[in-house]
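Visitor: My file is model.txt. It has compact mmCIF, C-alpha atoms and all ligand atoms:
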```
# COMPACT_ATOMS: atom_id res chain seq x y z
CA MET A 1 -102.02 37.70 76.29
CA ASN A 2 -103.12 40.01 79.11
CA GLY A 3 -105.14 43.14 78.41
CA GLY A 4 -103.88 44.91 81.55
CA MET A 5 -100.21 44.34 80.80
CA ASN A 6 -97.98 47.29 79.89
CA THR A 7 -96.25 47.23 76.51
CA SER A 8 -92.68 46.60 77.66
CA LEU A 9 -93.78 43.80 79.99
CA GLN A 10 -95.79 42.30 77.14
CA ARG A 11 -92.72 42.52 74.91
CA GLY A 12 -90.60 40.81 77.56
CA ILE A 13 -93.08 37.99 78.13
CA ASN A 14 -93.48 37.50 74.36
CA SER A 15 -89.71 37.35 74.02
CA MET A 16 -89.53 34.68 76.75
CA ILE A 17 -92.29 32.70 75.02
CA GLU A 18 -90.24 32.87 71.80
CA GLN A 19 -87.03 31.90 73.59
CA ILE A 20 -88.53 28.78 75.16
CA ASP A 21 -87.38 25.95 72.93
CA ALA A 22 -87.17 22.19 73.28
CA PRO A 23 -84.01 22.24 75.48
CA ILE A 24 -85.58 24.80 77.88
CA ALA A 25 -88.79 22.77 78.12
CA THR A 26 -86.76 19.60 78.72
CA PHE A 27 -84.61 21.29 81.38
CA PHE A 28 -87.61 22.53 83.36
CA THR A 29 -89.34 19.16 83.03
CA SER A 30 -86.21 17.26 84.10
CA CYS A 31 -85.34 19.30 87.19
CA VAL A 32 -85.56 17.01 90.22
CA HIS A 33 -85.13 19.92 92.68
CA CYS A 34 -82.05 18.32 94.20
CA GLY A 35 -80.36 21.67 94.91
CA LEU A 36 -76.95 20.50 93.70
CA CYS A 37 -76.68 23.55 91.45
CA ALA A 38 -76.76 25.75 94.58
CA ASP A 39 -73.57 24.22 95.96
CA ALA A 40 -71.87 24.80 92.60
CA CYS A 41 -72.65 28.54 92.52
CA LEU A 42 -70.31 30.87 94.39
CA PHE A 43 -73.09 33.40 94.95
CA TYR A 44 -74.92 30.77 96.96
CA THR A 45 -71.93 29.17 98.69
CA GLU A 46 -70.57 32.51 99.86
CA THR A 47 -73.92 33.95 101.03
CA GLN A 48 -75.96 30.83 101.89
CA ASP A 49 -78.94 32.81 100.61
CA PRO A 50 -81.37 30.42 98.87
CA LYS A 51 -82.40 33.11 96.37
CA TYR A 52 -79.02 32.56 94.69
CA THR A 53 -79.84 28.93 93.86
CA PRO A 54 -79.22 28.84 90.09
CA ILE A 55 -82.51 27.22 89.06
CA TYR A 56 -84.44 29.68 91.26
CA LYS A 57 -82.97 32.57 89.26
CA LEU A 58 -85.09 31.27 86.38
CA GLU A 59 -88.39 31.13 88.24
CA PRO A 60 -90.23 33.73 86.07
CA LEU A 61 -89.15 31.89 82.91
CA ARG A 62 -90.33 28.61 84.44
CA ARG A 63 -93.74 30.15 85.12
CA VAL A 64 -94.01 31.48 81.57
CA TRP A 65 -93.08 28.02 80.25
CA GLN A 66 -95.60 26.30 82.51
CA GLN A 67 -98.43 28.73 81.76
CA GLN A 68 -97.84 28.79 78.01
CA TYR A 69 -96.67 25.29 77.17
CA THR A 70 -98.13 22.81 79.68
CA PHE A 71 -101.70 21.60 80.09
CA TRP A 72 -101.77 22.06 83.88
CA GLY A 73 -100.07 25.42 83.68
CA LYS A 74 -102.62 26.71 81.19
CA LEU A 75 -105.46 25.41 83.33
CA MET A 76 -104.06 26.90 86.54
CA LEU A 77 -103.61 30.26 84.81
CA LYS A 78 -107.22 30.15 83.62
CA LEU A 79 -108.49 29.31 87.10
CA GLY A 80 -106.40 32.07 88.66
CA LEU A 81 -104.33 29.51 90.60
CA SER A 82 -101.14 30.62 88.87
CA LYS A 83 -100.44 34.35 88.55
CA PRO A 84 -98.98 35.90 85.40
CA VAL A 85 -95.42 37.23 85.71
CA THR A 86 -95.48 40.91 86.63
CA ASP A 87 -93.20 43.90 86.07
CA GLU A 88 -92.46 44.00 89.82
CA GLU A 89 -91.28 40.38 89.72
CA LEU A 90 -88.99 41.03 86.77
CA SER A 91 -87.55 44.05 88.64
CA ALA A 92 -86.95 41.84 91.66
CA TRP A 93 -85.32 39.19 89.47
CA GLU A 94 -82.99 41.62 87.66
CA PRO A 95 -80.21 41.30 90.30
CA LEU A 96 -80.62 37.50 90.25
CA LEU A 97 -80.29 37.27 86.48
CA TYR A 98 -77.43 39.75 86.17
CA ASP A 99 -75.64 40.76 89.40
CA SER A 100 -75.43 37.21 90.68
CA CYS A 101 -74.78 35.21 87.53
CA THR A 102 -71.44 35.31 85.75
CA LEU A 103 -72.54 32.66 83.21
CA CYS A 104 -69.66 30.61 84.62
CA GLY A 105 -71.34 27.27 83.89
CA ARG A 106 -70.34 25.55 87.11
CA CYS A 107 -73.99 24.83 87.92
CA SER A 108 -74.55 23.32 84.47
CA LEU A 109 -71.67 20.94 85.14
CA ALA A 110 -73.04 19.95 88.55
CA CYS A 111 -76.66 19.28 87.54
CA PRO A 112 -77.25 15.50 87.62
CA VAL A 113 -79.85 15.65 84.85
CA GLY A 114 -77.71 17.84 82.59
CA ASN A 115 -79.67 21.08 82.76
CA ASP A 116 -77.65 23.81 81.07
CA ILE A 117 -78.53 26.69 83.35
CA VAL A 118 -76.25 29.11 81.50
CA TYR A 119 -78.26 28.45 78.34
CA MET A 120 -81.45 29.21 80.28
CA VAL A 121 -80.07 32.38 81.91
CA ARG A 122 -78.97 33.65 78.51
CA LYS A 123 -82.45 32.99 77.10
CA MET A 124 -84.14 34.68 80.03
CA ARG A 125 -81.86 37.70 79.73
CA GLU A 126 -83.30 38.16 76.21
CA GLY A 127 -86.71 38.59 77.84
CA MET A 128 -85.27 40.89 80.49
CA VAL A 129 -83.79 43.16 77.81
CA ALA A 130 -87.07 43.19 75.88
CA SER A 131 -89.00 44.14 79.03
CA GLY A 132 -86.54 46.92 79.94
CA HIS A 133 -85.18 45.06 82.97
CA ALA A 134 -81.47 44.93 82.14
CA PRO A 135 -79.07 46.85 84.42
CA ASP A 136 -78.36 50.43 83.29
CA ASP A 137 -74.58 49.82 83.35
CA LEU A 138 -74.94 47.01 80.82
CA LYS A 139 -77.32 49.07 78.69
CA GLY A 140 -74.68 51.83 78.63
CA ALA A 141 -71.89 49.37 77.72
CA THR A 142 -73.98 47.91 74.90
CA THR A 143 -74.88 51.36 73.55
CA ARG A 144 -71.20 52.38 73.56
CA SER A 145 -70.31 49.14 71.76
CA ILE A 146 -72.83 49.81 69.02
CA GLU A 147 -72.21 53.55 68.68
CA LEU A 148 -68.48 53.90 69.46
CA GLY A 149 -67.23 50.39 68.67
CA SER A 150 -66.33 49.36 72.21
CA PRO A 151 -68.06 49.03 75.62
CA MET A 152 -65.35 51.15 77.25
CA GLY A 153 -65.45 53.75 74.49
CA ILE A 154 -62.08 52.70 73.00
CA THR A 155 -61.95 54.28 69.55
CA LEU A 156 -59.66 53.46 66.65
CA ALA A 157 -57.66 56.61 67.47
CA THR A 158 -57.01 55.23 70.99
CA LEU A 159 -55.85 51.91 69.60
CA GLN A 160 -53.63 53.66 67.05
CA ALA A 161 -52.00 55.70 69.82
CA HIS A 162 -51.22 52.49 71.75
CA ILE A 163 -49.87 50.85 68.59
CA LYS A 164 -47.59 53.79 67.94
CA HIS A 165 -46.31 53.63 71.50
CA ALA A 166 -45.74 49.86 71.23
CA GLU A 167 -43.83 50.29 67.95
CA LYS A 168 -41.56 52.81 69.61
CA GLU A 169 -41.02 50.49 72.60
CA THR A 170 -40.27 47.34 70.57
CA GLY A 171 -38.74 48.78 67.40
CA LEU A 172 -41.13 46.53 65.47
CA THR A 173 -43.77 47.44 62.90
CA ILE A 174 -47.27 46.50 64.04
CA PRO A 175 -49.39 45.75 61.00
CA VAL A 176 -52.88 47.22 60.64
CA ASP A 177 -55.17 46.24 57.75
CA LYS A 178 -52.52 44.03 56.15
CA GLU A 179 -54.42 42.10 53.50
CA GLY A 180 -53.46 38.44 53.17
CA ALA A 181 -51.93 38.13 56.66
CA ASP A 182 -52.41 34.65 58.15
CA TYR A 183 -53.82 35.85 61.48
CA MET A 184 -56.04 38.79 62.47
CA MET A 185 -55.68 39.76 66.14
CA VAL A 186 -58.68 40.99 68.08
CA LEU A 187 -58.37 42.65 71.51
CA SER A 188 -60.74 43.36 74.37
CA SER A 189 -61.29 46.93 75.47
CA ALA A 190 -60.17 46.03 79.00
CA GLU A 191 -56.80 45.02 77.53
CA ILE A 192 -56.46 48.26 75.58
CA ALA A 193 -57.59 50.42 78.50
CA ASP A 194 -55.98 48.65 81.45
CA PHE A 195 -53.27 46.32 80.10
CA SER A 196 -51.99 47.97 76.95
CA GLU A 197 -48.64 46.20 77.46
CA ILE A 198 -50.39 43.33 75.66
CA ILE A 199 -49.75 45.08 72.31
CA PRO A 200 -45.93 45.14 72.55
CA ALA A 201 -46.08 41.62 74.06
CA LEU A 202 -47.94 40.32 71.00
CA ALA A 203 -45.59 42.15 68.64
CA ARG A 204 -42.53 40.58 70.31
CA ILE A 205 -44.00 37.06 70.34
CA PHE A 206 -45.17 37.17 66.73
CA ASP A 207 -41.84 38.55 65.62
CA HIS A 208 -40.02 35.81 67.59
CA SER A 209 -42.24 33.07 66.10
CA ASN A 210 -42.38 34.58 62.62
CA VAL A 211 -46.18 34.80 62.57
CA SER A 212 -47.84 36.76 59.77
CA TRP A 213 -50.47 38.88 61.53
CA THR A 214 -52.45 42.10 61.52
CA PHE A 215 -54.96 44.20 63.43
CA ALA A 216 -58.06 45.42 61.55
CA SER A 217 -59.07 49.07 61.83
CA ASP A 218 -62.74 48.07 61.61
CA GLY A 219 -62.70 44.87 63.68
CA TYR A 220 -60.42 45.21 66.69
CA GLU A 221 -62.89 44.92 69.59
CA GLY A 222 -63.62 41.40 70.79
CA THR A 223 -65.77 42.10 73.87
CA ASN A 224 -69.35 41.22 73.06
CA SER A 225 -71.69 43.29 75.24
CA GLY A 226 -74.69 42.00 73.28
CA MET A 227 -73.99 38.51 74.54
CA GLN A 228 -73.54 39.67 78.13
CA ILE A 229 -76.74 41.73 78.31
CA GLY A 230 -78.73 39.05 76.51
CA SER A 231 -79.43 40.39 73.03
CA SER A 232 -78.50 38.01 70.24
CA ASP A 233 -79.39 40.66 67.66
CA LEU A 234 -76.84 43.11 69.08
CA ALA A 235 -74.34 40.28 69.66
CA ALA A 236 -74.61 39.50 65.93
CA VAL A 237 -74.06 43.16 64.95
CA LEU A 238 -70.85 43.26 67.02
CA LEU A 239 -69.63 39.91 65.74
CA ASN A 240 -70.28 40.88 62.13
CA ARG A 241 -67.76 43.72 62.49
CA ILE A 242 -65.01 41.19 63.19
CA VAL A 243 -66.21 38.73 60.55
CA ASN A 244 -66.49 41.43 57.86
CA ALA A 245 -63.01 42.74 58.69
CA ALA A 246 -61.53 39.22 58.53
CA GLU A 247 -63.23 38.63 55.19
CA ARG A 248 -62.01 41.97 53.84
CA LEU A 249 -58.42 41.16 54.85
CA LYS A 250 -58.73 37.54 53.64
CA VAL A 251 -57.06 36.13 56.77
CA LYS A 252 -56.96 32.42 57.53
CA TYR A 253 -57.43 32.78 61.30
CA VAL A 254 -58.91 35.23 63.76
CA ILE A 255 -57.19 35.25 67.15
CA SER A 256 -59.52 35.64 70.11
CA PRO A 257 -57.94 37.78 72.85
CA GLU A 258 -57.49 37.17 76.57
CA CYS A 259 -61.21 37.71 77.21
CA GLY A 260 -63.51 34.86 78.17
CA HIS A 261 -66.75 36.02 76.63
CA ALA A 262 -65.07 37.23 73.45
CA TYR A 263 -63.85 33.65 73.00
CA THR A 264 -67.30 32.13 73.55
CA ALA A 265 -68.94 34.62 71.20
CA LEU A 266 -66.34 34.35 68.47
CA ARG A 267 -65.32 30.71 68.70
CA TRP A 268 -68.42 28.83 69.76
CA GLU A 269 -71.49 30.90 68.97
CA GLY A 270 -70.48 33.18 66.11
CA PRO A 271 -71.69 31.29 63.04
CA ASN A 272 -75.06 30.53 64.67
CA LEU A 273 -75.44 34.14 65.79
CA ILE A 274 -74.70 35.65 62.39
CA GLY A 275 -76.42 32.86 60.45
CA ARG A 276 -73.52 31.83 58.20
CA PRO A 277 -70.27 29.88 58.44
CA TYR A 278 -66.93 31.65 58.79
CA PRO A 279 -64.41 31.49 55.93
CA PHE A 280 -61.65 31.44 58.59
CA ALA A 281 -60.87 29.53 61.78
CA VAL A 282 -60.88 31.02 65.29
CA VAL A 283 -58.11 30.32 67.75
CA HIS A 284 -57.63 31.69 71.26
CA ILE A 285 -54.30 33.45 71.73
CA ILE A 286 -53.31 30.82 74.32
CA GLU A 287 -54.18 27.98 71.94
CA LEU A 288 -52.01 29.64 69.28
CA LEU A 289 -49.10 30.16 71.67
CA ASP A 290 -49.27 26.51 72.69
CA GLU A 291 -49.34 25.42 69.04
CA LEU A 292 -46.24 27.55 68.41
CA ARG A 293 -44.59 26.04 71.50
CA ALA A 294 -45.34 22.50 70.33
CA ALA A 295 -43.93 23.30 66.88
CA GLY A 296 -40.70 24.59 68.44
CA ARG A 297 -41.46 28.13 67.28
CA LEU A 298 -41.95 29.64 70.73
CA ARG A 299 -38.85 29.25 72.85
CA THR A 300 -38.61 30.71 76.31
CA GLU A 301 -36.10 31.17 79.06
CA GLY A 302 -36.94 29.83 82.51
CA MET A 303 -37.96 32.33 85.15
CA ASP A 304 -36.93 32.72 88.80
CA ASP A 305 -38.60 30.75 91.61
CA THR A 306 -41.62 33.08 91.89
CA ARG A 307 -44.41 30.86 93.20
CA LEU A 308 -47.34 31.11 90.83
CA THR A 309 -50.67 29.54 90.01
CA PHE A 310 -53.15 29.71 87.15
CA HIS A 311 -56.73 30.96 87.39
CA ASP A 312 -58.83 29.19 84.73
CA PRO A 313 -61.26 31.64 83.09
CA CYS A 314 -64.68 29.94 83.04
CA GLN A 315 -65.38 30.57 79.38
CA MET A 316 -62.08 29.07 78.35
CA VAL A 317 -61.95 26.07 80.59
CA ARG A 318 -65.55 25.05 81.21
CA ARG A 319 -67.34 26.39 78.18
CA GLY A 320 -64.36 26.21 75.82
CA GLY A 321 -62.26 23.18 76.80
CA VAL A 322 -58.92 25.05 76.85
CA ILE A 323 -57.37 23.26 79.83
CA GLU A 324 -53.89 21.94 79.07
CA GLN A 325 -52.62 24.71 76.78
CA PRO A 326 -52.02 27.37 79.47
CA ARG A 327 -50.40 24.75 81.71
CA ASN A 328 -48.08 23.59 78.91
CA LEU A 329 -46.94 27.18 78.47
CA LEU A 330 -46.58 27.86 82.18
CA LYS A 331 -44.63 24.69 82.80
CA GLN A 332 -42.22 25.66 80.05
CA VAL A 333 -41.46 28.96 81.80
CA ALA A 334 -42.13 28.64 85.53
CA SER A 335 -39.99 26.75 88.00
CA ASN A 336 -42.40 27.02 90.95
CA TYR A 337 -45.90 26.41 89.56
CA VAL A 338 -48.69 25.13 91.81
CA GLU A 339 -52.30 24.28 91.07
CA MET A 340 -55.22 25.72 93.02
CA SER A 341 -57.78 23.32 94.48
CA ASP A 342 -60.67 22.68 92.07
CA GLN A 343 -58.48 23.65 89.14
CA GLY A 344 -59.46 23.09 85.51
CA VAL A 345 -63.12 22.51 84.68
CA GLN A 346 -64.12 22.75 88.34
CA ASN A 347 -62.42 26.09 88.92
CA TRP A 348 -64.39 28.78 90.72
CA CYS A 349 -65.22 31.95 88.80
CA CYS A 350 -63.46 35.20 89.70
CA GLY A 351 -66.99 36.48 90.43
CA GLY A 352 -67.15 39.19 87.78
CA GLY A 353 -67.75 37.51 84.42
CA GLY A 354 -70.88 37.67 82.26
CA GLY A 355 -71.17 41.43 82.72
CA VAL A 356 -71.17 41.36 86.55
CA SER A 357 -67.97 43.42 86.83
CA ALA A 358 -69.62 46.22 84.84
CA ILE A 359 -72.56 46.49 87.27
CA GLU A 360 -71.58 48.97 89.95
CA ARG A 361 -74.28 48.07 92.46
CA ALA A 362 -73.09 44.42 92.33
CA GLU A 363 -69.70 45.26 93.85
CA PRO A 364 -70.46 44.30 97.49
CA LEU A 365 -71.88 40.94 96.37
CA ARG A 366 -68.92 40.41 94.04
CA PHE A 367 -66.51 40.96 96.96
CA GLN A 368 -68.49 38.48 99.02
CA ALA A 369 -68.30 35.95 96.20
CA PHE A 370 -64.54 36.55 95.98
CA ASN A 371 -64.16 34.90 99.39
CA ARG A 372 -64.20 31.59 97.52
CA LYS A 373 -61.20 32.60 95.42
CA LYS A 374 -59.52 34.01 98.53
CA ALA A 375 -59.88 30.63 100.27
CA GLN A 376 -58.37 28.89 97.24
CA LEU A 377 -55.45 31.32 97.28
CA ASP A 378 -54.95 31.26 101.06
CA ALA A 379 -54.34 27.52 100.80
CA ILE A 380 -51.42 27.78 98.37
CA HIS A 381 -49.54 30.99 99.30
CA VAL A 382 -48.53 32.13 95.83
CA ASP A 383 -46.74 35.33 94.82
CA THR A 384 -48.50 35.60 91.48
CA ILE A 385 -51.75 34.54 89.82
CA VAL A 386 -51.51 34.09 86.08
CA THR A 387 -54.67 34.15 84.01
CA SER A 388 -55.74 34.49 80.39
CA CYS A 389 -58.79 36.77 80.55
CA SER A 390 -58.44 40.51 81.05
CA ASN A 391 -61.79 40.72 82.85
CA CYS A 392 -60.74 37.99 85.32
CA ARG A 393 -57.50 39.90 85.74
CA ASN A 394 -59.30 43.11 86.73
CA VAL A 395 -61.75 41.32 89.00
CA LEU A 396 -59.00 39.30 90.70
CA GLN A 397 -56.98 42.47 91.28
CA ASP A 398 -60.04 44.21 92.78
CA GLY A 399 -60.67 41.26 95.09
CA LEU A 400 -57.04 41.08 96.17
CA ASP A 401 -56.92 44.84 96.86
CA HIS A 402 -60.19 44.65 98.78
CA ASN A 403 -58.68 41.94 101.00
CA HIS A 404 -55.30 43.70 101.33
CA MET A 405 -53.59 40.74 99.67
CA LYS A 406 -50.19 41.31 98.09
CA THR A 407 -50.46 38.63 95.38
CA SER A 408 -49.89 40.06 91.90
CA VAL A 409 -51.90 39.20 88.79
CA VAL A 410 -50.40 38.88 85.31
CA GLY A 411 -51.65 37.89 81.88
CA LEU A 412 -50.19 34.69 80.44
CA THR A 413 -49.36 36.22 77.04
CA GLU A 414 -47.36 38.97 78.73
CA LEU A 415 -45.58 36.49 80.99
CA ILE A 416 -44.50 34.51 77.93
CA ALA A 417 -43.41 37.68 76.09
CA ASP A 418 -41.30 38.67 79.09
CA HIS A 419 -39.42 35.36 78.98
CA LEU A 420 -38.82 34.86 75.27
CA ALA A 421 -35.50 33.25 74.40
CA ALA A 422 -33.25 35.09 71.98
CA LYS A 423 -34.50 34.88 68.40
CA GLY A 424 -32.79 32.08 66.47
CA PRO A 425 -30.70 32.68 63.37
S1 LIG B 1 -73.61 30.12 85.75
FE1 LIG B 1 -72.22 30.31 87.54
S2 LIG B 1 -72.85 32.23 88.53
FE2 LIG B 1 -74.52 31.66 87.10
S3 LIG B 1 -75.96 30.53 88.36
FE3 LIG B 1 -74.56 29.01 87.45
S4 LIG B 1 -72.93 28.72 88.96
FE4 LIG B 1 -74.03 30.61 89.52
S1 LIG B 2 -79.00 20.64 89.97
FE1 LIG B 2 -80.32 20.40 88.18
S2 LIG B 2 -81.93 19.00 88.86
FE2 LIG B 2 -80.93 19.76 90.72
S3 LIG B 2 -82.13 21.59 91.34
FE3 LIG B 2 -80.47 22.34 90.04
S4 LIG B 2 -81.35 22.39 87.96
FE4 LIG B 2 -82.70 21.08 89.21
```
Give the structure from the file, written as structure tokens.

Guide:
Amino acid sequence: MNGGMNTSLQRGINSMIEQIDAPIATFFTSCVHCGLCADACLFYTETQDPKYTPIYKLEPLRRVWQQQYTFWGKLMLKLGLSKPVTDEELSAWEPLLYDSCTLCGRCSLACPVGNDIVYMVRKMREGMVASGHAPDDLKGATTRSIELGSPMGITLATLQAHIKHAEKETGLTIPVDKEGADYMMVLSSAEIADFSEIIPALARIFDHSNVSWTFASDGYEGTNSGMQIGSSDLAAVLLNRIVNAAERLKVKYVISPECGHAYTALRWEGPNLIGRPYPFAVVHIIELLDELRAAGRLRTEGMDDTRLTFHDPCQMVRRGGVIEQPRNLLKQVASNYVEMSDQGVQNWCCGGGGGVSAIERAEPLRFQAFNRKKAQLDAIHVDTIVTSCSNCRNVLQDGLDHNHMKTSVVGLTELIADHLAAKGP
């Protein structure tokens, strides 16, 4: 399209042209510039910097759409009244597309004309990857996922060591590659690296509830770095590992772990990404625990009067519709449970989803964005925040430490495992 354009820029622009579909065209056409998406985005509310207005983060994509797909845009480009998108602009937009967007979807919910800004950011990230303008930290995480099997470099040997330790701790056998099990459990590398107590917790719960389950030696990592960086091709490669393992083991269900983006990738986007339907169903671990609770198969003892609240992970609550299940479980166990303001679908992001927590340079902005969560917490004075995403858990802990707050953070699955009633006869 432009003789003077370098190859990677050309590739990026071509990718954006390919990504622009009917929904994107409709979203740009429908935008009434009301600015309501700004007030929904914690990067804007906590900085008041207009560059963090969600729709503005898509400005280069809007120009490409206008110049390639509209009569006036084509004419203005020809007359030199509209400038082609440059490499320098894409560099300048990299922090807007990555460091300051967690793909939380709050803006999409707020837009009065229904523009799905997350959908647009994801599409534009495809162009950013193609043009070489994705953050180095995310490139590294994606390379490790493809080459080593996990963005944090968690190998099968590491998982096996944790399994062995968990077996010793619980006295239970943890199945790996058990063909014909009902459920195949997937983990996120953050859980294995930072919260490995999840493995004995799962073993105790599944033993208590008599669930037939297994890990797969070739499909244990649920984190999808391809989805976070914006490469559907790589997202499909990573997803296929899980799907192939589930098919090999002939399981009926795959359990998505406490990881928001793993759930979105596996539960909502998987079949479209890999281009075929699954021969199994996907259930989030919290959905499964709530099903077991409702069936009388998950019985718990009440806990002390620790005052606790629940942080809704964006991908579960807003993009996934898992709202009541964690609350049903918490209310069964906790005696002093309080809701945060804006709970449920309106909850504010922890500030580190969508790959943001992996971008080192984004840390100061992430701490600024955390002020929103801090204000929510300051209003309710809780001892503990419970959540069901290991990335949220890490980001919340970072934010609390940064603000010298003493509140602790725990995973819901572990909380349930710690309060299981004695196993029935
Ligand atoms: S998805 Fe969330 S972080 Fe991204 S622009 Fe929208 S509100 Fe902001
Ligand atoms: S809320 Fe929707 S219509 Fe309003 S500025 Fe944002 S994208 Fe445009």

Visitor: Can you pull out every residue with an atom within 10 Å of ligand LIG 1 (chain B)? Use all atoms listed in the file and format it as a VMD selection string.

Guide: chain A and resid 37 to 45 52 to 58 96 to 111 116 to 122 314 348 to 354 356 369

Visitor: Give me, as an MDAnalysis selection string, all polymer residues having an atom no more than 12 Å from region 230-233 of chain A, counting only C-alpha atoms and skipping those fewer than 6 positions away in the same chain.

Guide: chainID A and resid 15:16 19 97:98 103 118:135 138:139 142:143 146 224 239:240 265 269:275 354:355

Visitor: Find the residues near ligand LIG 2 (chain B). Use a cut-off of 6 Å, count only C-alpha atoms and all ligand atoms, and write them as an mmCIF file with C-alpha atoms, keeping the file's coordinate frame.

Guide:
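Below is the file pocket09.cif, written as the result:
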```
data_model
loop_
_atom_site.group_PDB
_atom_site.id
_atom_site.type_symbol
_atom_site.label_atom_id
_atom_site.label_comp_id
_atom_site.auth_asym_id
_atom_site.auth_seq_id
_atom_site.Cartn_x
_atom_site.Cartn_y
_atom_site.Cartn_z
ATOM 1 C CA CYS A 31 -85.340 19.300 87.190
ATOM 2 C CA VAL A 32 -85.560 17.010 90.220
ATOM 3 C CA HIS A 33 -85.130 19.920 92.680
ATOM 4 C CA CYS A 34 -82.050 18.320 94.200
ATOM 5 C CA GLY A 35 -80.360 21.670 94.910
ATOM 6 C CA LEU A 36 -76.950 20.500 93.700
ATOM 7 C CA CYS A 37 -76.680 23.550 91.450
ATOM 8 C CA ILE A 55 -82.510 27.220 89.060
ATOM 9 C CA CYS A 111 -76.660 19.280 87.540
ATOM 10 C CA PRO A 112 -77.250 15.500 87.620
ATOM 11 C CA VAL A 113 -79.850 15.650 84.850
ATOM 12 C CA ASN A 115 -79.670 21.080 82.760
#
```

Visitor: Between CA of Ala190 (chain A) and CA of Asn347 (chain A), measure the distance and give it in Å to one decimal.

Guide: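 CA of Asn347 (chain A) lies at a distance of 22.4 Å from CA of Ala190 (chain A).
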
Visitor: Which is closest to Gly222 (chain A) among A:Pro151, A:Pro279, A:Gly180, A:Gly296, if we use all atoms listed in the file?

Guide: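 Checking each candidate against Gly222 (chain A), we get A:Pro151 as the closest.
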
Visitor: Would you compute the distance between CA of Arg144 (chain A) and CA of Leu238 (chain A)? Give it in Å to one decimal.

Guide: 11.2 Å

Visitor: Excluding Leu308 (chain A) and any residue of its chain fewer than 6 positions from it, enumerate the residues within 12 Å of it, using only C-alpha atoms, and give them as a ChimeraX atom specification.

Guide: /A:327,330-331,333-340,377,380-387,407-410,412,415

Visitor: Just write the chosen residues, C-alpha atoms, as an mmCIF file, keeping the file's coordinate frame.

Guide:
```cif
data_model
loop_
_atom_site.group_PDB
_atom_site.id
_atom_site.type_symbol
_atom_site.label_atom_id
_atom_site.label_comp_id
_atom_site.auth_asym_id
_atom_site.auth_seq_id
_atom_site.Cartn_x
_atom_site.Cartn_y
_atom_site.Cartn_z
ATOM 1 C CA ARG A 327 -50.400 24.750 81.710
ATOM 2 C CA LEU A 330 -46.580 27.860 82.180
ATOM 3 C CA LYS A 331 -44.630 24.690 82.800
ATOM 4 C CA VAL A 333 -41.460 28.960 81.800
ATOM 5 C CA ALA A 334 -42.130 28.640 85.530
ATOM 6 C CA SER A 335 -39.990 26.750 88.000
ATOM 7 C CA ASN A 336 -42.400 27.020 90.950
ATOM 8 C CA TYR A 337 -45.900 26.410 89.560
ATOM 9 C CA VAL A 338 -48.690 25.130 91.810
ATOM 10 C CA GLU A 339 -52.300 24.280 91.070
ATOM 11 C CA MET A 340 -55.220 25.720 93.020
ATOM 12 C CA LEU A 377 -55.450 31.320 97.280
ATOM 13 C CA ILE A 380 -51.420 27.780 98.370
ATOM 14 C CA HIS A 381 -49.540 30.990 99.300
ATOM 15 C CA VAL A 382 -48.530 32.130 95.830
ATOM 16 C CA ASP A 383 -46.740 35.330 94.820
ATOM 17 C CA THR A 384 -48.500 35.600 91.480
ATOM 18 C CA ILE A 385 -51.750 34.540 89.820
ATOM 19 C CA VAL A 386 -51.510 34.090 86.080
ATOM 20 C CA THR A 387 -54.670 34.150 84.010
ATOM 21 C CA THR A 407 -50.460 38.630 95.380
ATOM 22 C CA SER A 408 -49.890 40.060 91.900
ATOM 23 C CA VAL A 409 -51.900 39.200 88.790
ATOM 24 C CA VAL A 410 -50.400 38.880 85.310
ATOM 25 C CA LEU A 412 -50.190 34.690 80.440
ATOM 26 C CA LEU A 415 -45.580 36.490 80.990
#
```
